[in-house]
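Visitor: Provided herewith: query-v4.txt, compact mmCIF, C-alpha atoms.
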```txt
# COMPACT_ATOMS: atom_id res chain seq x y z
CA MET U 276 -18.26 0.15 -33.32
CA GLY U 277 -19.67 -0.39 -29.83
CA TYR U 278 -20.93 1.59 -26.91
CA THR U 279 -17.79 3.01 -25.26
CA HIS U 280 -16.88 5.24 -22.32
CA TYR U 281 -13.75 7.40 -22.47
CA PHE U 282 -11.83 8.86 -19.58
CA TYR U 283 -8.91 11.23 -19.55
CA GLN U 284 -6.56 11.14 -16.58
CA ASN U 285 -4.65 14.30 -15.83
CA GLY U 286 -1.91 13.53 -13.33
CA ILE U 287 -1.55 11.24 -10.36
CA THR U 288 -4.55 10.89 -8.04
CA GLU U 289 -3.53 11.66 -4.45
CA LYS U 290 -3.50 8.60 -2.16
CA ASP U 291 -6.13 10.03 0.24
CA THR U 292 -8.44 10.77 -2.68
CA TRP U 293 -7.82 7.32 -4.18
CA ILE U 294 -8.84 5.72 -0.89
CA LEU U 295 -12.18 7.56 -1.08
CA ILE U 296 -12.65 6.40 -4.67
CA ILE U 297 -11.92 2.75 -4.00
CA SER U 298 -13.99 2.74 -0.80
CA GLY U 299 -16.97 4.02 -2.79
CA ILE U 300 -16.41 1.44 -5.52
CA GLN U 301 -16.19 -1.39 -2.97
CA GLU U 302 -19.48 -0.26 -1.42
CA ALA U 303 -21.09 0.03 -4.85
CA TYR U 304 -20.04 -3.51 -5.74
CA LYS U 305 -21.91 -4.78 -2.67
CA LEU U 306 -25.07 -3.08 -3.98
CA LEU U 307 -24.92 -4.56 -7.49
CA PRO U 308 -27.65 -6.93 -8.65
CA LEU U 309 -26.49 -10.53 -9.08
CA GLU U 310 -26.84 -10.39 -12.88
CA VAL U 311 -24.35 -7.51 -12.98
CA LYS U 312 -21.91 -9.25 -10.63
CA ALA U 313 -22.11 -12.32 -12.88
CA ASP U 314 -20.87 -10.16 -15.77
CA ILE U 315 -17.73 -9.08 -13.83
CA GLN U 316 -14.62 -11.25 -13.47
CA ASP U 317 -11.20 -10.76 -11.87
CA LEU U 318 -12.25 -7.79 -9.75
CA ASP U 319 -9.23 -6.10 -8.17
CA ILE U 320 -9.66 -2.82 -6.30
CA ASN U 321 -6.46 -1.85 -4.52
CA PRO U 322 -4.30 1.14 -3.50
CA GLU U 323 -2.85 1.43 -7.01
CA GLU U 324 -5.55 0.40 -9.48
CA ILE U 325 -9.11 -0.57 -10.26
CA TYR U 326 -9.33 -3.54 -12.58
CA PHE U 327 -11.98 -5.96 -13.76
CA ASN U 328 -13.00 -7.89 -16.83
CA GLY U 329 -16.45 -7.49 -18.22
CA SER U 330 -18.13 -9.53 -20.92
CA CYS U 331 -16.84 -7.10 -23.56
CA GLU U 332 -13.69 -5.28 -22.40
CA THR U 333 -11.62 -4.72 -19.28
CA LEU U 334 -11.89 -1.59 -17.15
CA TYR U 335 -8.48 -0.51 -15.88
CA ILE U 336 -8.03 2.72 -13.93
CA PRO U 337 -4.58 3.24 -12.41
CA ARG U 338 -3.92 5.75 -9.64
CA VAL U 339 -0.76 6.72 -11.53
CA PRO U 340 -1.85 6.97 -15.17
CA GLU U 341 0.17 5.34 -17.90
CA LEU U 342 -1.84 6.98 -20.67
CA GLU U 343 -3.82 10.19 -20.72
CA LEU U 344 -6.77 8.70 -22.63
CA ASN U 345 -8.35 5.40 -21.66
CA PHE U 346 -11.60 3.76 -22.65
CA CYS U 347 -13.83 0.82 -21.94
CA LYS U 348 -16.23 -0.60 -24.50
CA THR U 349 -19.17 -2.25 -22.75
CA ASN U 350 -21.66 -2.57 -25.60
CA ALA U 351 -24.18 -1.61 -22.89
CA ARG U 352 -23.94 -5.08 -21.35
CA ALA U 353 -24.87 -5.68 -17.72
CA TYR U 354 -21.51 -4.61 -16.29
CA ASP U 355 -21.89 -1.17 -17.90
CA LEU U 356 -23.69 -0.12 -14.71
CA PHE U 357 -20.56 -0.79 -12.64
CA VAL U 358 -18.22 0.80 -15.21
CA VAL U 359 -20.30 3.99 -15.16
CA CYS U 360 -20.42 3.95 -11.37
CA CYS U 361 -16.61 3.63 -11.15
CA LEU U 362 -16.07 6.49 -13.59
CA VAL U 363 -18.58 8.70 -11.79
CA LEU U 364 -16.86 8.09 -8.45
CA CYS U 365 -13.46 8.91 -9.94
CA TRP U 366 -14.84 12.14 -11.37
CA HIS U 367 -16.70 12.99 -8.15
CA TYR U 368 -13.67 12.71 -5.89
CA ALA U 369 -11.01 13.89 -8.35
CA PRO U 370 -12.57 16.13 -11.01
CA GLU U 371 -9.18 17.73 -11.62
CA ASN U 372 -7.80 14.29 -12.56
CA PHE U 373 -10.69 12.78 -14.51
CA LYS U 374 -12.64 13.92 -17.54
CA ILE U 375 -15.39 11.57 -18.68
CA ARG U 376 -16.97 11.20 -22.13
CA SER U 377 -19.19 8.52 -23.60
CA ASP U 378 -20.92 7.33 -26.73
CA GLY U 379 -24.05 7.50 -24.59
CA GLU U 380 -26.03 10.43 -23.28
CA ILE U 381 -26.25 11.66 -19.71
CA GLN U 382 -29.54 9.79 -19.22
CA ASP U 383 -27.63 6.55 -19.99
CA PHE U 384 -25.53 7.30 -16.88
CA GLU U 385 -28.49 7.78 -14.51
CA ALA U 386 -28.44 4.27 -13.01
CA GLY U 387 -24.66 4.41 -12.51
CA ILE U 388 -24.89 7.85 -10.91
CA GLU U 389 -27.64 6.60 -8.60
CA LEU U 390 -25.56 3.56 -7.63
CA ALA U 391 -22.51 5.74 -6.91
CA SER U 392 -24.64 8.14 -4.85
CA ARG U 393 -26.11 5.27 -2.80
CA ALA U 394 -22.65 3.80 -2.25
CA ILE U 395 -21.27 6.99 -0.69
CA GLY U 396 -24.51 8.19 0.92
CA SER U 397 -24.48 11.51 -0.92
CA ASN U 398 -26.13 12.85 -4.06
CA ILE U 399 -23.68 13.16 -6.96
CA GLU U 400 -24.42 15.82 -9.58
CA PHE U 401 -22.44 14.30 -12.45
CA ARG U 402 -21.87 15.98 -15.78
CA PHE U 403 -19.67 15.08 -18.72
CA SER U 404 -16.45 17.05 -18.77
```
Using structure tokens, write down the structure from this file.
Guide:
Amino acid sequence: MGYTHYFYQNGITEKDTWILIISGIQEAYKLLPLEVKADIQDLDINPEEIYFNGSCETLYIPRVPELELNFCKTNARAYDLFVVCCLVLCWHYAPENFKIRSDGEIQDFEAGIELASRAIGSNIEFRFS
């Protein structure tokens, strides 16, 4: 068993909200340290999905969910920072659509929350839902 993040998607994320999410994620990617970027392959952030391969598992977040429950096992590898950041931004902009859980504790999310906050220029008060 590895270190895994779980996210529940409840309904379709509105297009205007999705644009805010992907804009934040694109800005966050620019802020990533090189060692984290090196752990991310096939990055695709577009009007319908967020997708990238990490050194453990793929993160896939569709705007129109195919499943209610999704997960991404990172084993706390370098790309975990970006996975957490993406999930935090989804929750921040669409809390009615995203519920986030993790094998980790809230303090394990601190760096990802900070990255997300820097990317959008606003403090995010994240909590598991």
Visitor: Which neighbours of segment 285-290 of chain U fall inside 8 Å, counting only C-alpha atoms, when residues of the same chain fewer than 2 positions from it are skipped, and could you give them as a PyMOL selection string?
Guide: chain U and resi 283+292-294+322+338-340+343+369+371-373
Visitor: Give me, as a ChimeraX atom specification, all polymer residues having an atom no more than 12 Å from Glu385 of chain U, counting only C-alpha atoms and skipping those fewer than 2 positions away in the same chain.
Guide: /U:355-357,359-360,363,379-383,387-392,398-402
Visitor: Keeping only C-alpha atoms, write those residues as a JSON list (two decimals), in the frame of the given file.
Guide:
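Saved result, out.json, follows:
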```
[["chain", "number", "residue", "atom", "x", "y", "z"],
["U", 355, "ASP", "CA", -21.89, -1.17, -17.90],
["U", 356, "LEU", "CA", -23.69, -0.12, -14.71],
["U", 357, "PHE", "CA", -20.56, -0.79, -12.64],
["U", 359, "VAL", "CA", -20.30, 3.99, -15.16],
["U", 360, "CYS", "CA", -20.42, 3.95, -11.37],
["U", 363, "VAL", "CA", -18.58, 8.70, -11.79],
["U", 379, "GLY", "CA", -24.05, 7.50, -24.59],
["U", 380, "GLU", "CA", -26.03, 10.43, -23.28],
["U", 381, "ILE", "CA", -26.25, 11.66, -19.71],
["U", 382, "GLN", "CA", -29.54, 9.79, -19.22],
["U", 383, "ASP", "CA", -27.63, 6.55, -19.99],
["U", 387, "GLY", "CA", -24.66, 4.41, -12.51],
["U", 388, "ILE", "CA", -24.89, 7.85, -10.91],
["U", 389, "GLU", "CA", -27.64, 6.60, -8.60],
["U", 390, "LEU", "CA", -25.56, 3.56, -7.63],
["U", 391, "ALA", "CA", -22.51, 5.74, -6.91],
["U", 392, "SER", "CA", -24.64, 8.14, -4.85],
["U", 398, "ASN", "CA", -26.13, 12.85, -4.06],
["U", 399, "ILE", "CA", -23.68, 13.16, -6.96],
["U", 400, "GLU", "CA", -24.42, 15.82, -9.58],
["U", 401, "PHE", "CA", -22.44, 14.30, -12.45],
["U", 402, "ARG", "CA", -21.87, 15.98, -15.78]]
```
Visitor: Check the smallest atom-to-atom distance from each of U:Thr333, U:Gln301, U:Ser397, U:Asn345 to Asp314 of chain U using all atoms listed in the file, then report the winner.
Guide: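 When distances to Asp314 of chain U are compared using all atoms listed in the file, the smallest one comes from U:Thr333.
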Visitor: Calculated over only C-alpha atoms, which of the candidates U:Leu344, U:Ile375, U:Ile300, U:Val311 has the smallest distance to Glu324 of chain U?
Guide: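 Using only C-alpha atoms, Glu324 of chain U sits closest to U:Ile300.
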Visitor: Using atom CA of Tyr335 of chain U and atom CA of Leu306 of chain U as the two end points, give the distance in Å to one decimal.
Guide: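 Those two atoms sit 20.6 Å apart.
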Visitor: Counting all atoms listed in the file, figure out which residue out of U:Phe327, U:Tyr368, U:Phe346, U:Tyr354 gets nearest to Pro308 of chain U.
Guide: U:Tyr354
Visitor: Return the single residue from U:Leu364, U:Glu323, U:Tyr278, U:Gly299 that is closest to Pro337 of chain U, with distances computed using all atoms listed in the file.
Guide: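 Closest residue, counting all atoms listed in the file: U:Glu323.
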Visitor: Using only C-alpha atoms, which of the listed residues (U:Tyr281, U:Tyr304, U:Tyr326, U:Phe403) sits closest to His367 of chain U?
Guide: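 Selected residue with least distance to His367 of chain U: U:Phe403.
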Visitor: Please enclose the listed atoms of segment 356-366 of chain U in an axis-aligned box, pad each side by 5 Å, and write out the centre and the three edge lengths in Å, rounded to one decimal, as JSON.
Guide:
```
{"center_x": -18.6, "center_y": 5.7, "center_z": -11.8, "size_x": 20.2, "size_y": 22.9, "size_z": 16.8}
```
Visitor: Between atom CA of Cys365 of chain U and atom CA of Ile325 of chain U, measure the distance and give it in Å to one decimal.
Guide: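 One can read the atom CA of Cys365 of chain U to atom CA of Ile325 of chain U distance as 10.4 Å.
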Visitor: Figure out the distance between atom CA of Cys347 of chain U and atom CA of Asn321 of chain U, please, to one decimal in Å.
Guide: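 It comes out at 19.1 Å.
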